[in-house]
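Structure first, commentary second.
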Amino acid sequence: MKYYIFRLSFPNGAHFGDGNLDSYNMTFHADTLFSALFIEAVKSGGAMADRLLRAAREGKLVLSDGFPYIEDTYYLPKPMLYIERNEDVGNSVLKKTAKKLIYIPMDKMDGYLEGTMDMKQESDKFSRFGTHQIKESVAIYGLEETEPYYVGIYTYGENNGLYFFAGLDEEIETDLIDLLDMLSFSGLGGKRSAGLGRFEVTKMVEVPATHFEGESDGRGYLLLASSLPKEEEMDKVLDQASYLLEKRSGFVQSTGSFEERKKVDQYFLQAGSCLRNRFEGDIYEVGVGMPHSVYRYGKPLFWKL
């Protein structure tokens, strides 16, 4: 399997919310990306959708969450580990800076784990990563009177944006590239009809497989995709793990119905969780009362620490 960085630029900004239109996040989850790709595959015909689903289930396609890049620096989620730093002792400013920092430069991860990375310098870089705003819009379709609503939008600074990792077997590589090209016009995230979430794939960079495969040298594994172990995997995965849970929910996007139906809620391990044991996860069925299957991507991707 080969691993790649897909670097995305969002010229119009994006809406990655948490269920509320006026909320905003600057990144997206792996299940959001997979769902969007799957919808594009369904539009292309059942054969491509079947290939995508089969590749994901068999581990021939693995995806990460979206992470920031600033110019030519790629960032990973901050590991949920206690890091002892001598200069932090009694320094409340540095402690607060370290707590607020949520992403670590990929090329400085070892320095972070060893307690030598300059926290303030890295925190300052994110002050120019992008900006968020709440945009007021008006709903008029099917209403006697107009009703205002508010949309949270994140706009990325020049030469900044998001990337994701993809592990690919050769048989699915062409399909993924084609689907990303289609999705770039449809958009990723919410309020796509307003042009939000449209992107350009500006780079595709191969990453050594040694970062993802093989045994850890003792520090364990950094989770790169919000994901969920199977029930029979749970006890082993959580043993000696440092993790947070996050709720994954949302509404079904169906090509055959305009009726909104809610997906089954699940609680996933958050990207940045640190585990001693790998797990397989699954593609979960989360539709209720739908005429077709509804899937949520819950497969992990690990970075060796």
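Within each chain, counting starts at residue 1; across the structure tokens, chains are named A, B, ... in the order shown, with ligands numbered 1 upward in that order.
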Taking the backbone alone, and naming residues the way the document does, which bits of stretch 17-130 of chain A are alpha helix (DSSP H) by DSSP, as a PyMOL selection string?
chain A and resi 30-44+46-57+92-100+109-113+119-125
Give me the residues near A:Gly187 as a PyMOL selection string, where near means some atom within 7 Å (using only C-alpha atoms) and where sequence neighbours in that chain fewer than 2 positions away do not count.
chain A and resi 183-185+189+192+196-199
Enumerate, in order of chain and increasing residue number, the residues of stretch 205-281 of chain A with an atom no farther than 12 Å from stretch 167-179 of chain A, each with its shortest atom pair and distance in Å to one decimal, counting only C-alpha atoms, as a Markdown table.
| residue | atom | partner | partner_atom | distance |
| --- | --- | --- | --- | --- |
| A:Val205 | CA | A:Gly167 | CA | 11.7 |
| A:Glu206 | CA | A:Gly167 | CA | 9.8 |
| A:Val207 | CA | A:Gly167 | CA | 9.5 |
| A:Pro208 | CA | A:Gly167 | CA | 10.7 |
| A:Ala209 | CA | A:Gly167 | CA | 8.8 |
| A:His211 | CA | A:Gly167 | CA | 11.5 |
| A:Phe212 | CA | A:Gly167 | CA | 9.2 |
| A:Glu213 | CA | A:Gly167 | CA | 10.6 |
| A:Leu224 | CA | A:Gly167 | CA | 12.0 |
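If only C-alpha atoms are the atoms counted, then among A:Thr27, A:Ser35, A:Thr116, A:Thr210 the closest residue to A:Gly130 is A:Thr27.
The spacing separating atom CA of A:Gln133 from atom CA of A:Ile153 amounts to 5.4 Å.
Computed from the coordinates, the atom CA of A:Glu122 to atom CA of A:Gly272 distance equals 17.3 Å.
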Let me make sure I understand: among A:Asp181, A:Glu158, A:Asp65, A:Asp124, which one has the smallest atom-to-atom distance to A:Ala41 if we use only C-alpha atoms?
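Result for the nearest residue to A:Ala41: A:Asp181.
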Residues near A:Phe16, anyone? I mean within 7 Å using only C-alpha atoms, not counting same-chain ones fewer than 2 positions away, as a count of residues only.
8
